[in-house]
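Below is coords.pdb, holding PDB, C-alpha atoms.
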ATOM      1  CA  VAL O   1      92.435  89.001 103.961
ATOM      2  CA  PRO O   2      95.444  88.570 101.647
ATOM      3  CA  GLY O   3      98.860  89.400 103.063
ATOM      4  CA  ILE O   4      98.183  88.965 106.764
ATOM      5  CA  GLN O   5      98.524  86.087 109.189
ATOM      6  CA  PHE O   6      97.188  85.635 112.719
ATOM      7  CA  SER O   7      98.803  83.462 115.362
ATOM      8  CA  GLN O   8      97.303  80.199 116.592
ATOM      9  CA  HIS O   9      95.994  82.073 119.659
ATOM     10  CA  MET O  10      93.966  84.533 117.548
ATOM     11  CA  ARG O  11      91.732  82.232 115.571
ATOM     12  CA  LYS O  12      88.521  84.169 116.200
ATOM     13  CA  MET O  13      90.052  87.501 115.210
ATOM     14  CA  ALA O  14      91.243  85.871 111.996
ATOM     15  CA  LYS O  15      87.594  85.052 111.232
ATOM     16  CA  VAL O  16      86.601  88.728 111.477
ATOM     17  CA  ALA O  17      89.648  90.029 109.576
ATOM     18  CA  ASP O  18      87.253  91.379 106.939
ATOM     19  CA  LYS O  19      86.154  93.958 109.550
ATOM     20  CA  LEU O  20      89.679  95.030 110.564
ATOM     21  CA  THR O  21      92.293  97.559 109.607
ATOM     22  CA  VAL O  22      95.695  96.358 110.816
ATOM     23  CA  ILE O  23      98.467  98.942 111.013
ATOM     24  CA  ARG O  24     101.736  96.994 110.934
ATOM     25  CA  SER O  25     104.081  99.974 110.867
ATOM     26  CA  PHE O  26     103.348 101.758 114.138
ATOM     27  CA  SER O  27     106.420 103.259 115.771
ATOM     28  CA  HIS O  28     107.533 105.698 118.474
ATOM     29  CA  ASN O  29     110.662 106.301 120.545
ATOM     30  CA  GLU O  30     109.558 105.600 124.123
ATOM     31  CA  ALA O  31     110.662 102.249 125.589
ATOM     32  CA  ASP O  32     109.518 103.056 129.141
ATOM     33  CA  HIS O  33     106.071 101.793 130.210
ATOM     34  CA  ASP O  34     104.840 105.138 131.519
ATOM     35  CA  ARG O  35     106.187 107.201 128.633
ATOM     36  CA  GLY O  36     104.874 104.736 126.061
ATOM     37  CA  THR O  37     101.462 104.721 127.735
ATOM     38  CA  HIS O  38     101.481 108.529 127.714
ATOM     39  CA  ASN O  39     102.115 108.491 123.949
ATOM     40  CA  MET O  40      99.277 106.102 123.221
ATOM     41  CA  LEU O  41      96.666 107.691 125.534
ATOM     42  CA  THR O  42      97.365 111.339 124.700
ATOM     43  CA  GLY O  43      98.935 111.351 121.239
ATOM     44  CA  TYR O  44     101.884 113.394 122.534
ATOM     45  CA  ARG O  45     105.388 112.689 123.779
ATOM     46  CA  PRO O  46     105.705 113.422 127.518
ATOM     47  CA  SER O  47     106.753 116.968 128.372
ATOM     48  CA  PRO O  48     107.934 118.417 131.711
ATOM     49  CA  ALA O  49     106.190 121.677 130.809
ATOM     50  CA  VAL O  50     102.664 120.468 129.939
ATOM     51  CA  THR O  51     100.345 117.827 131.387
ATOM     52  CA  PHE O  52      98.503 116.624 128.313
ATOM     53  CA  PRO O  53      94.888 115.406 128.492
ATOM     54  CA  SER O  54      93.976 111.923 127.352
ATOM     55  CA  MET O  55      91.982 111.503 124.167
ATOM     56  CA  GLY O  56      89.039 110.407 126.310
ATOM     57  CA  SER O  57      89.082 113.711 128.196
ATOM     58  CA  ILE O  58      89.397 115.649 124.945
ATOM     59  CA  THR O  59      86.342 113.800 123.643
ATOM     60  CA  ALA O  60      84.470 114.646 126.846
ATOM     61  CA  HIS O  61      85.487 118.298 126.475
ATOM     62  CA  GLU O  62      84.442 118.530 122.827
ATOM     63  CA  LEU O  63      81.237 116.459 122.862
ATOM     64  CA  GLY O  64      80.040 116.556 126.470
ATOM     65  CA  PRO O  65      77.706 114.063 128.168
ATOM     66  CA  GLN O  66      74.463 112.657 126.836
ATOM     67  CA  ARG O  67      71.547 110.784 128.434
ATOM     68  CA  ASP O  68      72.805 111.571 131.964
ATOM     69  CA  LEU O  69      75.847 109.339 131.434
ATOM     70  CA  PRO O  70      79.509 110.257 131.962
ATOM     71  CA  PRO O  71      81.074 111.080 128.586
ATOM     72  CA  TYR O  72      84.274 109.147 129.393
ATOM     73  CA  VAL O  73      84.447 105.854 131.326
ATOM     74  CA  CYS O  74      87.417 103.622 132.214
ATOM     75  CA  VAL O  75      86.750  99.896 132.638
ATOM     76  CA  PRO O  76      87.384  98.494 135.210
ATOM     77  CA  GLY O  77      89.086 101.646 136.555
ATOM     78  CA  VAL O  78      91.494 104.432 135.704
ATOM     79  CA  ALA O  79      94.583 102.315 135.071
ATOM     80  CA  SER O  80      96.973 105.178 134.323
ATOM     81  CA  THR O  81      97.408 108.782 135.419
ATOM     82  CA  PHE O  82      97.784 109.568 131.715
ATOM     83  CA  ALA O  83      94.130 108.598 131.185
ATOM     84  CA  GLY O  84      93.176 111.787 133.024
ATOM     85  CA  SER O  85      92.164 115.299 132.030
ATOM     86  CA  GLY O  86      95.628 116.893 132.067
ATOM     87  CA  TYR O  87      95.492 120.654 131.575
ATOM     88  CA  LEU O  88      91.716 120.478 131.061
ATOM     89  CA  SER O  89      89.545 120.856 134.132
ATOM     90  CA  SER O  90      88.731 117.920 136.385
ATOM     91  CA  SER O  91      85.138 117.919 135.116
ATOM     92  CA  PHE O  92      86.461 116.074 132.035
ATOM     93  CA  ALA O  93      88.191 113.348 134.052
ATOM     94  CA  PRO O  94      87.177 109.713 133.450
ATOM     95  CA  PHE O  95      84.607 107.857 135.512
ATOM     96  CA  GLY O  96      86.154 104.685 136.964
ATOM     97  CA  LEU O  97      83.948 101.761 137.920
ATOM     98  CA  GLY O  98      85.895 100.761 141.007
ATOM     99  CA  ALA O  99      85.012  97.110 140.329
ATOM    100  CA  ASP O 100      85.572  94.454 137.682
ATOM    101  CA  PRO O 101      82.475  93.407 135.680
ATOM    102  CA  ALA O 102      83.918  89.876 135.559
ATOM    103  CA  SER O 103      83.679  89.521 139.335
ATOM    104  CA  ASP O 104      80.785  87.897 141.170
ATOM    105  CA  ASN O 105      78.205  90.372 142.483
ATOM    106  CA  PHE O 106      79.676  93.161 140.339
ATOM    107  CA  LYS O 107      78.459  96.560 141.472
ATOM    108  CA  VAL O 108      79.694  99.947 140.311
ATOM    109  CA  ARG O 109      80.974 102.113 143.130
ATOM    110  CA  ASP O 110      79.077 105.354 143.838
ATOM    111  CA  LEU O 111      76.043 104.615 141.641
ATOM    112  CA  GLU O 112      73.707 104.059 144.579
ATOM    113  CA  THR O 113      73.147 105.984 147.803
ATOM    114  CA  PRO O 114      73.961 104.176 151.080
ATOM    115  CA  SER O 115      71.277 101.771 152.262
ATOM    116  CA  ASP O 116      70.281 104.047 155.171
ATOM    117  CA  VAL O 117      69.829 107.121 152.937
ATOM    118  CA  ASP O 118      66.457 107.257 151.211
ATOM    119  CA  VAL O 119      65.420 109.743 148.510
ATOM    120  CA  GLU O 120      64.100 112.347 150.965
ATOM    121  CA  ARG O 121      67.176 112.191 153.167
ATOM    122  CA  PHE O 122      69.439 112.473 150.158
ATOM    123  CA  ALA O 123      67.520 115.551 148.972
ATOM    124  CA  ARG O 124      67.878 117.167 152.423
ATOM    125  CA  ARG O 125      71.602 116.472 152.461
ATOM    126  CA  ARG O 126      72.021 117.958 149.018
ATOM    127  CA  ALA O 127      70.037 121.064 149.961
ATOM    128  CA  LEU O 128      72.141 121.530 153.099
ATOM    129  CA  LEU O 129      75.357 121.159 151.128
ATOM    130  CA  GLU O 130      74.181 123.739 148.594
ATOM    131  CA  ARG O 131      73.387 126.214 151.402
ATOM    132  CA  VAL O 132      76.835 125.739 152.922
ATOM    133  CA  ASN O 133      78.509 126.106 149.531
ATOM    134  CA  ALA O 134      76.526 129.200 148.547
ATOM    135  CA  ASP O 135      78.408 131.623 150.826
ATOM    136  CA  PHE O 136      81.726 130.075 149.921
ATOM    137  CA  SER O 137      81.005 130.343 146.206
ATOM    138  CA  ARG O 138      80.120 134.028 146.530
ATOM    139  CA  SER O 139      83.469 134.806 148.158
ATOM    140  CA  GLN O 140      85.625 132.498 146.060
ATOM    141  CA  CYS O 141      85.823 132.161 142.309
ATOM    142  CA  SER O 142      88.138 129.872 140.371
ATOM    143  CA  ASP O 143      88.062 127.530 137.418
ATOM    144  CA  GLU O 144      88.649 124.556 139.733
ATOM    145  CA  LEU O 145      85.528 125.349 141.773
ATOM    146  CA  ILE O 146      83.429 125.699 138.637
ATOM    147  CA  ALA O 147      84.844 122.389 137.389
ATOM    148  CA  MET O 148      83.968 120.596 140.626
ATOM    149  CA  ASP O 149      80.458 122.048 140.604
ATOM    150  CA  SER O 150      80.017 120.698 137.076
ATOM    151  CA  PHE O 151      81.446 117.327 138.125
ATOM    152  CA  TYR O 152      78.998 117.042 141.049
ATOM    153  CA  GLU O 153      76.019 118.090 138.942
ATOM    154  CA  ARG O 154      76.793 115.267 136.524
ATOM    155  CA  ALA O 155      77.103 112.879 139.447
ATOM    156  CA  TYR O 156      73.662 113.946 140.709
ATOM    157  CA  ASP O 157      72.242 113.406 137.223
ATOM    158  CA  LEU O 158      73.692 109.896 137.165
ATOM    159  CA  LEU O 159      72.364 109.059 140.631
ATOM    160  CA  GLY O 160      68.910 110.285 139.647
ATOM    161  CA  SER O 161      68.638 108.511 136.300
ATOM    162  CA  GLN O 162      67.580 104.872 136.377
ATOM    163  CA  SER O 163      68.171 104.448 132.642
ATOM    164  CA  ALA O 164      71.745 105.730 133.034
ATOM    165  CA  LYS O 165      72.413 103.398 135.943
ATOM    166  CA  ASN O 166      71.003 100.489 133.915
ATOM    167  CA  ALA O 167      73.795 100.963 131.351
ATOM    168  CA  PHE O 168      76.244  99.600 133.930
ATOM    169  CA  LYS O 169      74.146  96.530 134.787
ATOM    170  CA  ILE O 170      75.886  93.798 132.836
ATOM    171  CA  GLU O 171      73.607  91.206 134.447
ATOM    172  CA  LYS O 172      70.860  92.390 132.091
ATOM    173  CA  GLU O 173      72.724  90.711 129.210
ATOM    174  CA  THR O 174      71.692  87.154 128.339
ATOM    175  CA  ASP O 175      73.740  84.249 129.633
ATOM    176  CA  LYS O 176      74.314  83.170 126.043
ATOM    177  CA  LEU O 177      75.885  86.474 125.012
ATOM    178  CA  ARG O 178      77.990  86.659 128.166
ATOM    179  CA  ASP O 179      79.302  83.187 127.344
ATOM    180  CA  LEU O 180      80.074  84.224 123.750
ATOM    181  CA  TYR O 181      82.197  87.120 125.035
ATOM    182  CA  GLY O 182      83.821  84.832 127.620
ATOM    183  CA  ARG O 183      83.283  84.631 131.358
ATOM    184  CA  ASN O 184      86.615  86.245 132.122
ATOM    185  CA  PRO O 185      87.996  89.787 132.567
ATOM    186  CA  ALA O 186      88.532  90.417 128.852
ATOM    187  CA  GLY O 187      85.095  89.160 127.867
ATOM    188  CA  GLN O 188      83.021  90.891 130.515
ATOM    189  CA  ARG O 189      84.916  94.195 130.308
ATOM    190  CA  MET O 190      84.403  94.375 126.539
ATOM    191  CA  LEU O 191      80.743  93.420 126.885
ATOM    192  CA  LEU O 192      80.228  96.208 129.407
ATOM    193  CA  GLY O 193      82.076  98.564 127.065
ATOM    194  CA  ARG O 194      79.531  97.758 124.359
ATOM    195  CA  ARG O 195      76.655  98.387 126.773
ATOM    196  CA  LEU O 196      78.084 101.790 127.682
ATOM    197  CA  VAL O 197      78.621 102.858 124.075
ATOM    198  CA  GLU O 198      75.132 101.711 123.142
ATOM    199  CA  ALA O 199      73.678 103.680 126.062
ATOM    200  CA  GLY O 200      75.458 106.902 125.080
ATOM    201  CA  VAL O 201      78.947 107.020 126.648
ATOM    202  CA  ARG O 202      81.193 108.862 124.200
ATOM    203  CA  TYR O 203      84.547 107.210 124.968
ATOM    204  CA  VAL O 204      85.385 103.978 126.779
ATOM    205  CA  THR O 205      88.872 102.796 127.695
ATOM    206  CA  ILE O 206      89.180  99.104 128.584
ATOM    207  CA  SER O 207      92.364  97.879 130.300
ATOM    208  CA  ILE O 208      93.361  94.227 130.170
ATOM    209  CA  GLY O 209      96.797  93.262 131.462
ATOM    210  CA  GLY O 210      99.504  92.418 131.722
ATOM    211  CA  TRP O 211     101.645  91.609 128.738
ATOM    212  CA  ASP O 212     105.155  92.403 129.991
ATOM    213  CA  HIS O 213     106.561  89.001 129.062
ATOM    214  CA  HIS O 214     110.281  89.427 129.697
ATOM    215  CA  GLU O 215     110.320  85.675 130.273
ATOM    216  CA  GLY O 216     108.097  82.759 129.296
ATOM    217  CA  ILE O 217     106.262  84.633 126.556
ATOM    218  CA  HIS O 218     104.964  81.483 124.828
ATOM    219  CA  LYS O 219     103.306  80.229 128.011
ATOM    220  CA  GLY O 220     101.980  83.704 128.863
ATOM    221  CA  LEU O 221     100.376  84.316 125.484
ATOM    222  CA  LYS O 222      98.900  80.815 125.352
ATOM    223  CA  LYS O 223      97.182  81.565 128.688
ATOM    224  CA  ASP O 224      96.029  85.175 128.150
ATOM    225  CA  LEU O 225      95.642  85.868 124.436
ATOM    226  CA  PRO O 226      92.686  83.528 123.684
ATOM    227  CA  GLN O 227      90.512  85.519 126.127
ATOM    228  CA  VAL O 228      91.197  88.751 124.244
ATOM    229  CA  ASP O 229      90.830  86.978 120.902
ATOM    230  CA  GLN O 230      87.359  85.691 121.793
ATOM    231  CA  ALA O 231      86.155  88.931 123.386
ATOM    232  CA  PHE O 232      87.444  91.324 120.727
ATOM    233  CA  ALA O 233      86.037  89.263 117.853
ATOM    234  CA  ARG O 234      82.651  89.020 119.572
ATOM    235  CA  LEU O 235      82.677  92.759 120.324
ATOM    236  CA  LEU O 236      83.025  93.563 116.626
ATOM    237  CA  ILE O 237      80.339  91.060 115.637
ATOM    238  CA  ASP O 238      78.020  92.382 118.348
ATOM    239  CA  LEU O 239      78.522  96.026 117.355
ATOM    240  CA  ASP O 240      78.007  95.145 113.690
ATOM    241  CA  GLU O 241      74.793  93.217 114.341
ATOM    242  CA  ARG O 242      73.429  96.170 116.331
ATOM    243  CA  GLY O 243      74.286  98.662 113.593
ATOM    244  CA  LEU O 244      76.834 100.418 115.814
ATOM    245  CA  LEU O 245      80.153  99.455 114.244
ATOM    246  CA  ASP O 246      80.154 102.068 111.482
ATOM    247  CA  THR O 247      79.750 104.827 114.086
ATOM    248  CA  THR O 248      82.018 103.353 116.761
ATOM    249  CA  LEU O 249      85.795 103.389 116.343
ATOM    250  CA  VAL O 250      87.451 100.442 118.116
ATOM    251  CA  LEU O 251      91.191 100.191 118.738
ATOM    252  CA  LEU O 252      93.245  97.352 120.188
ATOM    253  CA  THR O 253      96.706  98.499 121.213
ATOM    254  CA  SER O 254      99.531  98.272 123.706
ATOM    255  CA  GLU O 255     101.972 100.975 124.804
ATOM    256  CA  PHE O 256     104.729  99.563 122.583
ATOM    257  CA  GLY O 257     105.859  96.350 120.881
ATOM    258  CA  ARG O 258     108.336  93.656 121.891
ATOM    259  CA  THR O 259     111.845  92.856 120.702
ATOM    260  CA  PRO O 260     112.063  90.821 117.505
ATOM    261  CA  LYS O 261     114.458  88.372 119.172
ATOM    262  CA  ILE O 262     113.613  86.024 122.035
ATOM    263  CA  ASN O 263     115.869  86.733 125.032
ATOM    264  CA  PRO O 264     117.731  84.049 127.069
ATOM    265  CA  LYS O 265     114.758  83.773 129.470
ATOM    266  CA  GLY O 266     112.370  82.883 126.678
ATOM    267  CA  GLY O 267     110.749  86.320 126.645
ATOM    268  CA  ARG O 268     110.725  89.534 124.672
ATOM    269  CA  ASP O 269     111.716  92.968 125.957
ATOM    270  CA  HIS O 270     110.435  96.497 125.253
ATOM    271  CA  TRP O 271     110.521  97.584 121.605
ATOM    272  CA  PRO O 272     108.747 100.785 120.526
ATOM    273  CA  GLY O 273     110.437 100.779 117.127
ATOM    274  CA  CYS O 274     107.788  98.694 115.357
ATOM    275  CA  PHE O 275     104.484  97.192 116.434
ATOM    276  CA  SER O 276     100.904  96.662 115.306
ATOM    277  CA  VAL O 277      97.649  98.423 116.124
ATOM    278  CA  VAL O 278      94.255  96.990 115.182
ATOM    279  CA  MET O 279      91.368  99.281 114.265
ATOM    280  CA  ALA O 280      87.774  98.582 113.297
ATOM    281  CA  GLY O 281      84.571 100.512 112.721
ATOM    282  CA  GLY O 282      84.134 104.259 112.783
ATOM    283  CA  GLY O 283      84.474 104.510 109.029
ATOM    284  CA  VAL O 284      87.943 102.965 108.679
ATOM    285  CA  LYS O 285      88.525 100.682 105.740
ATOM    286  CA  ARG O 286      87.496  97.078 106.321
ATOM    287  CA  GLY O 287      89.806  94.177 105.526
ATOM    288  CA  TYR O 288      92.812  96.444 105.075
ATOM    289  CA  VAL O 289      96.484  96.099 105.996
ATOM    290  CA  HIS O 290      98.467  99.346 106.296
ATOM    291  CA  GLY O 291     102.262  99.421 106.118
ATOM    292  CA  ARG O 292     104.776  96.705 106.756
ATOM    293  CA  SER O 293     107.918  96.091 108.743
ATOM    294  CA  ASP O 294     111.331  95.034 107.512
ATOM    295  CA  ALA O 295     112.260  91.361 107.273
ATOM    296  CA  THR O 296     113.065  91.061 110.985
ATOM    297  CA  ALA O 297     110.135  93.173 112.280
ATOM    298  CA  SER O 298     112.649  95.625 113.727
ATOM    299  CA  ALA O 299     111.486  98.805 111.994
ATOM    300  CA  PRO O 300     108.773 100.002 109.605
ATOM    301  CA  GLU O 301     109.702  99.615 105.965
ATOM    302  CA  GLU O 302     106.587 101.170 104.410
ATOM    303  CA  LYS O 303     104.023 103.761 105.568
ATOM    304  CA  ARG O 304     105.325 104.410 109.085
ATOM    305  CA  VAL O 305     102.635 105.673 111.484
TER     306      VAL O 305
END
Structure rendered as structure tokens:
Amino acid sequence: VPGIQFSQHMRKMAKVADKLTVIRSFSHNEADHDRGTHNMLTGYRPSPAVTFPSMGSITAHELGPQRDLPPYVCVPGVASTFAGSGYLSSSFAPFGLGADPASDNFKVRDLETPSDVDVERFARRRALLERVNADFSRSQCSDELIAMDSFYERAYDLLGSQSAKNAFKIEKETDKLRDLYGRNPAGQRMLLGRRLVEAGVRYVTISIGGWDHHEGIHKGLKKDLPQVDQAFARLLIDLDERGLLDTTLVLLTSEFGRTPKINPKGGRDHWPGCFSVVMAGGGVKRGYVHGRSDATASAPEEKRV
């Protein structure tokens, strides 16, 4: 793609640049990790008056679940309080795996009943719980109770659906494809993200950290960035080959950028004034570069986002 360069640690992403939109003029005013994360997960600046919902929870609220799957899943878990449902009810909160798909013997928490609880015993327990709750529900009425009832009903649906539970079974992927993604946290988390989207999950947030290189940034990026490079490029290829890329919007982003100048410890500090966001799929233009920074990458010069 003319007019854009990738670093030596992003060789595989460079090869799929024809699928990407790169926004080089992203900017906000929050240099604190939490406040920057809030901006990027909710689309709003933090406010002491309102607890904003994440975009995943808004998607869950607007579109709802399908195929007995949670509408919003965080891989490997809910990494930030700002990924939650905010002022929306708790029934739109994300489902966290509670385990890393890159780990040996990966198993999603809460998808199976305990080993000593068979189907009949589980049904008896559920019936007893519903009897106990019935009187309470008649005497109490609140949005929070309705939300929790909805949350539990979805959990029961998930427990009772083998096809839904299969969406989380990354071991069903071939060894070859798992190797192409990379046998590491970035690779296996993105592969599971693809499985979930393909199965019907509306919104998946994948967390891969950390990138707070206040010192030794060259060594840190050399170690960590190739994993993301390999996994992200393969994710786009995989989605495209399965006919899913045009209907699946993929974003690669951090909470803010880093200072244009290297500090005395060989690192870069927080810099929300100008950074890049990569987008692909979902109808965005392919092979497109949007905006540009000034000569020192300190601030957007054209088409600030």
Residue nearest Lys107 in chain O among O:Val50, O:Ile170, O:Val132, O:Ala60 (counting only C-alpha atoms):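 Smallest separation from Lys107 in chain O among the options: O:Ile170.
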Within 8 Å of Leu196 in chain O using all atoms listed in the file, minus same-chain residues under 4 positions, as a list in words: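 Residues near the query, excluding close chain neighbours: Ala167, Phe168, Leu192, Gly200, Val201 and Val204 of chain O.
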Expected selection from the PyMOL selection byres ((chain O and resi 81-86) around 7), given as a list of chain:residue names: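 The output of the PyMOL selection byres ((chain O and resi 81-86) around 7) on this file is O:His38, O:Leu41, O:Thr51, O:Phe52, O:Pro53, O:Ser54, O:Ser57, O:Val78, O:Ser80, O:Tyr87, O:Leu88, O:Ser89, O:Ser90, O:Phe92, O:Ala93, O:Pro94.
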Once 4 Å is added on each side, what centre and edge lengths in Å to one decimal does the axis-aligned box around all listed atoms of range 16-20 of chain O have, as JSON?
{"center_x": 87.9, "center_y": 91.9, "center_z": 109.2, "size_x": 11.5, "size_y": 14.3, "size_z": 12.5}
Residue contacts of Lys285 in chain O (8 Å, only C-alpha atoms) excluding same-chain residues fewer than 4 positions away, as a PyMOL selection string: chain O and resi 20-21+280
Hits from the PyMOL selection byres ((chain O and resi 195) around 12), listed as a ChimeraX atom specification: /O:69,73,75,101,163-173,178,188-194,196-204,235,238-239,242,244
Close residues, range 211-225 of chain O itself excluded, 9 Å, all atoms listed in the file, min 6 positions apart in chain, as a ChimeraX atom specification: /O:8-10,254,258,262-270
Those residues you just picked out, can you put them in a file as a PDB file, keeping the file's coordinate frame with C-alpha atoms?
ATOM      1  CA  GLN O   8      97.303  80.199 116.592  1.00  0.00           C
ATOM      2  CA  HIS O   9      95.994  82.073 119.659  1.00  0.00           C
ATOM      3  CA  MET O  10      93.966  84.533 117.548  1.00  0.00           C
ATOM      4  CA  SER O 254      99.531  98.272 123.706  1.00  0.00           C
ATOM      5  CA  ARG O 258     108.336  93.656 121.891  1.00  0.00           C
ATOM      6  CA  ILE O 262     113.613  86.024 122.035  1.00  0.00           C
ATOM      7  CA  ASN O 263     115.869  86.733 125.032  1.00  0.00           C
ATOM      8  CA  PRO O 264     117.731  84.049 127.069  1.00  0.00           C
ATOM      9  CA  LYS O 265     114.758  83.773 129.470  1.00  0.00           C
ATOM     10  CA  GLY O 266     112.370  82.883 126.678  1.00  0.00           C
ATOM     11  CA  GLY O 267     110.749  86.320 126.645  1.00  0.00           C
ATOM     12  CA  ARG O 268     110.725  89.534 124.672  1.00  0.00           C
ATOM     13  CA  ASP O 269     111.716  92.968 125.957  1.00  0.00           C
ATOM     14  CA  HIS O 270     110.435  96.497 125.253  1.00  0.00           C
TER      15      HIS O 270
END
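Going from CA of Gly77 in chain O to CA of Phe95 in chain O covers 7.7 Å.
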Which of O:Glu241, O:Leu63, O:Ser25, O:Pro2 sits closest to Arg292 in chain O [using only C-alpha atoms]: O:Ser25
Nearest residue to His290 in chain O from the set O:Phe26, O:Phe151, O:Phe232, O:Tyr181 (distances using only C-alpha atoms):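 Going through O:Phe26, O:Phe151, O:Phe232, O:Tyr181 one by one, the smallest distance to His290 in chain O is for O:Phe26.
For the set O:Gln5, O:Gln230, O:Thr42, O:Ser207, the residue with the smallest atom-to-atom gap to Thr253 in chain O is O:Ser207, counting all atoms listed in the file.
With all atoms listed in the file as the atoms that count, the minimum distance from Arg35 in chain O to the choices O:Val278, O:Lys303, O:Pro70, O:Glu255 is reached by O:Glu255.
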If we count all atoms listed in the file, what is near Val1 in chain O at a cut-off of 12 Å, once residues fewer than 5 positions away on the same chain are taken out, given as a PDB file with C-alpha atoms, in the frame of the given file?
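part-v6.pdb, written as the output of this step:
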ATOM      1  CA  PHE O   6      97.188  85.635 112.719  1.00  0.00           C
ATOM      2  CA  MET O  13      90.052  87.501 115.210  1.00  0.00           C
ATOM      3  CA  ALA O  14      91.243  85.871 111.996  1.00  0.00           C
ATOM      4  CA  LYS O  15      87.594  85.052 111.232  1.00  0.00           C
ATOM      5  CA  VAL O  16      86.601  88.728 111.477  1.00  0.00           C
ATOM      6  CA  ALA O  17      89.648  90.029 109.576  1.00  0.00           C
ATOM      7  CA  ASP O  18      87.253  91.379 106.939  1.00  0.00           C
ATOM      8  CA  LYS O  19      86.154  93.958 109.550  1.00  0.00           C
ATOM      9  CA  LEU O  20      89.679  95.030 110.564  1.00  0.00           C
ATOM     10  CA  THR O  21      92.293  97.559 109.607  1.00  0.00           C
ATOM     11  CA  VAL O  22      95.695  96.358 110.816  1.00  0.00           C
ATOM     12  CA  ARG O 286      87.496  97.078 106.321  1.00  0.00           C
ATOM     13  CA  GLY O 287      89.806  94.177 105.526  1.00  0.00           C
ATOM     14  CA  TYR O 288      92.812  96.444 105.075  1.00  0.00           C
ATOM     15  CA  VAL O 289      96.484  96.099 105.996  1.00  0.00           C
TER      16      VAL O 289
END
